[in-house]
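Visitor: A single structure is presented below for examination.
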Amino acid sequence: GGIMADTPEEKSPTESLNVQRKTEDILAGDQPVDSLYLYIPPDYKIPFLHIGTEKQLFLDNFILDHMEGIVRTFPKPERPPEPIIRTKELPWELKAGIFPAAAIQDLDDKKFKLWYVKDRTRALCYAEATDPLHWEKPLSDKCIPFQEYKSTNIVLDNSGHHVALALNHDQSDKERKYLMINNPGDAGRGEKKTTFRVSSDGLTWRIINEDTSYQHHHYQRPIWDDSINKWISYSQYSHHWNMLYRKRQIGRQESSDFVNWSPKEMVLSVDWEPNLPPHLEFHDMSVRKVGGQYIGIATEFMAEPIWCAPGEHNWRDHAYAHLALYASRDGKHWRRVGDTGPWADNGKPGTYDYGFLNDSVAGQLIHDGKTHIVYGARPEKQRPSNTMAPQASYLQSQSDRADLVEALGTYPRLNYCSIGILILREDGWAELKPTYEKGTVITRQFVFEGDTLKLNAEAYGGYVKVEALDPQFNPYQGFSALDCNPVCSDNPKQIWHTVRWNGNTDVKALWNKPVRLRFDLHQASLYAFQFEGTQAD
């Protein structure tokens, strides 16, 4: 059946879930085989890719069909020379390093909020900012007192360092604005208990359930995935006491209520990556979702074969670590983005993140045209616990280090963890730019919603022209490159641009039609595009 031209066919927000259920029914014999079998497409009246109003990035080839005279790059993030949050600034931080648990952007009070864990005492603390580069640790009587200090920023004592904290996607109950699960006291191998708490302000937390069915271990990073109507969480698929597997891989869990979670499913392992060295392990991974694109930042743990446990296996606890970029379309199958080098590499010797970049947090903080990602930083590589048996050569290096410390005194900057931040252009995960002066990008055919086309483009000193093409690669009437007003800007900081054809922004005439976009880039870069606006007058 046809569709009225004045109403766009909407993209199903649960398209992937619908296709999964349809596939299961067909394979079980409960639904007849589709006429396009062996292909099982979504159930749309218009049989083309539906993108709705989802933002389209270029980390993969999902939306792309052809590029000519174009190179795709993956910009490296910038980072300030100093961490955004240091330890040892408050009396209860004197004997602890810190690492981040979560960072969110609160639209209610326009604040950025960050929770971090004190490494030794395992207390969860709070910081906030109006600018992600400048944070404060506000002291409040609502928080947990410390010795004689009645006002602190400690929101949970003995939290353990396996904390998963998120802004609730359902804001109908303000008493459950924030959600948290954790292993109190880092309950270990045989312990199954996980505590579920809620909060209205992020400072005072109320226990709802303290005996969930599965342990949540090693740097949980949860996000709400509206395509499957569930929470998904990524953490270390950790076999610290089962050496059948590699020690550090990435696991994924699902939950409909943030309390009861599925068992971990392994979704990222060096076993599957022949372009990576076998001594690389995955310490943790945080995920954010932009449109239909899952973007993972994984800590690649470059293990050194130094240490042996009593069971005579390589414990692999001695390592430098850096951050790498991964991409997925379903949250389960991941591919490394870019070349084999790190996305965010270790800093120079003497810097706060020379040894370790890890514990990046889920989501992203958007401010002033920039994307900000919070991560944990250590100035030295991870060293094993005292229960391991070192090789003699390493004992000698430890002795040398002890002599150095005795000669110089303690390292004034290098004996604690801190929290750093990575900075990208807003949605600037992948860049399409001409190899020389000009180039062309053509998308796949799709059906969209919205009435305006926006481009994330760097068009200062250059320009972009856009054509809307029909299935024969001919421009739709009124939407040719000749009709297109050049997309450009006199402001080098401008991120998003509205596309106009003969001064008109309205693209409703293209509803329910298969459209390809052709971008002609002239000394300009393209990072993303998105259809926005109302669906009908």
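Identifiers in this document derive from the order of the structure tokens: chains are assigned A, B, ..., residues are numbered from 1 separately in each chain, and ligands are numbered from 1 in order of occurrence.
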Extract, using only C-alpha atoms, all DNA, RNA and protein residues at most 10 Å from region 502-506 of chain A, discarding same-chain residues fewer than 2 positions from it, and format them as a PyMOL selection string.
Guide: chain A and resi 450-454+478-480+482-485+498-500+508-510+533
Visitor: Take the residues from that selection and put them in a file with N, CA and C atoms, as an mmCIF file, in the first residue's frame.
Guide:
data_model
loop_
_atom_site.group_PDB
_atom_site.id
_atom_site.type_symbol
_atom_site.label_atom_id
_atom_site.label_comp_id
_atom_site.auth_asym_id
_atom_site.auth_seq_id
_atom_site.Cartn_x
_atom_site.Cartn_y
_atom_site.Cartn_z
ATOM 1 N N GLY A 450 11.587 14.609 9.011
ATOM 2 C CA GLY A 450 12.092 15.946 9.271
ATOM 3 C C GLY A 450 11.923 16.851 8.058
ATOM 4 N N ASP A 451 12.131 18.133 8.265
ATOM 5 C CA ASP A 451 11.916 19.094 7.179
ATOM 6 C C ASP A 451 13.139 19.947 6.864
ATOM 7 N N THR A 452 14.266 19.697 7.578
ATOM 8 C CA THR A 452 15.480 20.498 7.385
ATOM 9 C C THR A 452 16.696 19.581 7.418
ATOM 10 N N LEU A 453 17.661 19.844 6.570
ATOM 11 C CA LEU A 453 18.902 19.082 6.557
ATOM 12 C C LEU A 453 20.009 19.908 7.189
ATOM 13 N N LYS A 454 20.662 19.334 8.197
ATOM 14 C CA LYS A 454 21.777 20.001 8.876
ATOM 15 C C LYS A 454 23.069 19.231 8.606
ATOM 16 N N GLY A 478 14.643 21.007 -8.044
ATOM 17 C CA GLY A 478 14.815 22.006 -6.986
ATOM 18 C C GLY A 478 15.883 21.654 -5.976
ATOM 19 N N PHE A 479 16.492 20.455 -6.110
ATOM 20 C CA PHE A 479 17.481 20.016 -5.127
ATOM 21 C C PHE A 479 18.810 19.639 -5.790
ATOM 22 N N SER A 480 19.170 20.330 -6.847
ATOM 23 C CA SER A 480 20.434 20.074 -7.528
ATOM 24 C C SER A 480 21.550 20.903 -6.900
ATOM 25 N N LEU A 482 23.266 23.028 -8.485
ATOM 26 C CA LEU A 482 23.103 24.391 -8.983
ATOM 27 C C LEU A 482 22.115 25.171 -8.136
ATOM 28 N N ASP A 483 21.103 24.461 -7.623
ATOM 29 C CA ASP A 483 20.111 25.120 -6.761
ATOM 30 C C ASP A 483 20.638 25.363 -5.354
ATOM 31 N N CYS A 484 21.659 24.617 -4.953
ATOM 32 C CA CYS A 484 22.118 24.646 -3.554
ATOM 33 C C CYS A 484 22.933 25.908 -3.269
ATOM 34 N N ASN A 485 22.551 26.606 -2.229
ATOM 35 C CA ASN A 485 23.362 27.713 -1.733
ATOM 36 C C ASN A 485 24.612 27.139 -1.069
ATOM 37 N N THR A 498 22.816 24.793 8.210
ATOM 38 C CA THR A 498 21.554 24.422 7.574
ATOM 39 C C THR A 498 21.698 24.526 6.064
ATOM 40 N N VAL A 499 21.260 23.473 5.364
ATOM 41 C CA VAL A 499 21.372 23.446 3.905
ATOM 42 C C VAL A 499 20.148 24.136 3.283
ATOM 43 N N ARG A 500 20.409 24.975 2.259
ATOM 44 C CA ARG A 500 19.348 25.689 1.554
ATOM 45 C C ARG A 500 19.494 25.480 0.050
ATOM 46 N N LYS A 508 10.478 18.715 2.769
ATOM 47 C CA LYS A 508 9.324 17.819 2.904
ATOM 48 C C LYS A 508 8.881 17.236 1.561
ATOM 49 N N ALA A 509 9.204 17.908 0.451
ATOM 50 C CA ALA A 509 8.834 17.385 -0.865
ATOM 51 C C ALA A 509 9.511 16.047 -1.155
ATOM 52 N N LEU A 510 10.537 15.700 -0.376
ATOM 53 C CA LEU A 510 11.262 14.453 -0.606
ATOM 54 C C LEU A 510 10.832 13.334 0.330
ATOM 55 N N GLY A 533 13.501 18.604 12.557
ATOM 56 C CA GLY A 533 12.286 19.394 12.385
ATOM 57 C C GLY A 533 11.023 18.574 12.541
#
Visitor: Counting only C-alpha atoms, which residue out of A:Lys150, A:Arg516, A:Lys142, A:Arg176 sits closest to Arg197 (chain A)?
Guide: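 Checking each candidate against Arg197 (chain A), we get A:Arg176 as the closest.
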Visitor: So that I can check the surroundings of region 13-18 of chain A, please list as a PyMOL selection string every protein, DNA and RNA residue that reaches within 9 Å of it, counting only C-alpha atoms and ignoring chain neighbours fewer than 4 positions away.
Guide: chain A and resi 22-23+42-43+226-229+330
Visitor: Applying 10 Å and only C-alpha atoms, which residues near Pro80 (chain A) remain after dropping the ones on its own chain fewer than 6 positions away? List them as a PyMOL selection string.
Guide: chain A and resi 133+420-423
Visitor: Keeping only N, CA and C atoms, write the selected residues as a PDB file, in the first residue's frame.
Guide:
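As a result, again_31.pdb now contains:
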ATOM      1  N   LEU A 133      35.823  21.503  31.567  1.00  0.00           N
ATOM      2  CA  LEU A 133      37.256  21.651  31.809  1.00  0.00           C
ATOM      3  C   LEU A 133      37.566  22.176  33.205  1.00  0.00           C
ATOM      4  N   GLY A 420      41.454  12.769  33.864  1.00  0.00           N
ATOM      5  CA  GLY A 420      41.699  13.642  32.723  1.00  0.00           C
ATOM      6  C   GLY A 420      40.484  13.730  31.815  1.00  0.00           C
ATOM      7  N   ILE A 421      40.609  14.484  30.747  1.00  0.00           N
ATOM      8  CA  ILE A 421      39.495  14.648  29.819  1.00  0.00           C
ATOM      9  C   ILE A 421      40.031  14.723  28.391  1.00  0.00           C
ATOM     10  N   LEU A 422      39.312  14.092  27.483  1.00  0.00           N
ATOM     11  CA  LEU A 422      39.634  14.109  26.053  1.00  0.00           C
ATOM     12  C   LEU A 422      38.656  15.032  25.348  1.00  0.00           C
ATOM     13  N   ILE A 423      39.138  15.792  24.366  1.00  0.00           N
ATOM     14  CA  ILE A 423      38.327  16.818  23.716  1.00  0.00           C
ATOM     15  C   ILE A 423      38.343  16.611  22.209  1.00  0.00           C
TER      16      ILE A 423
END
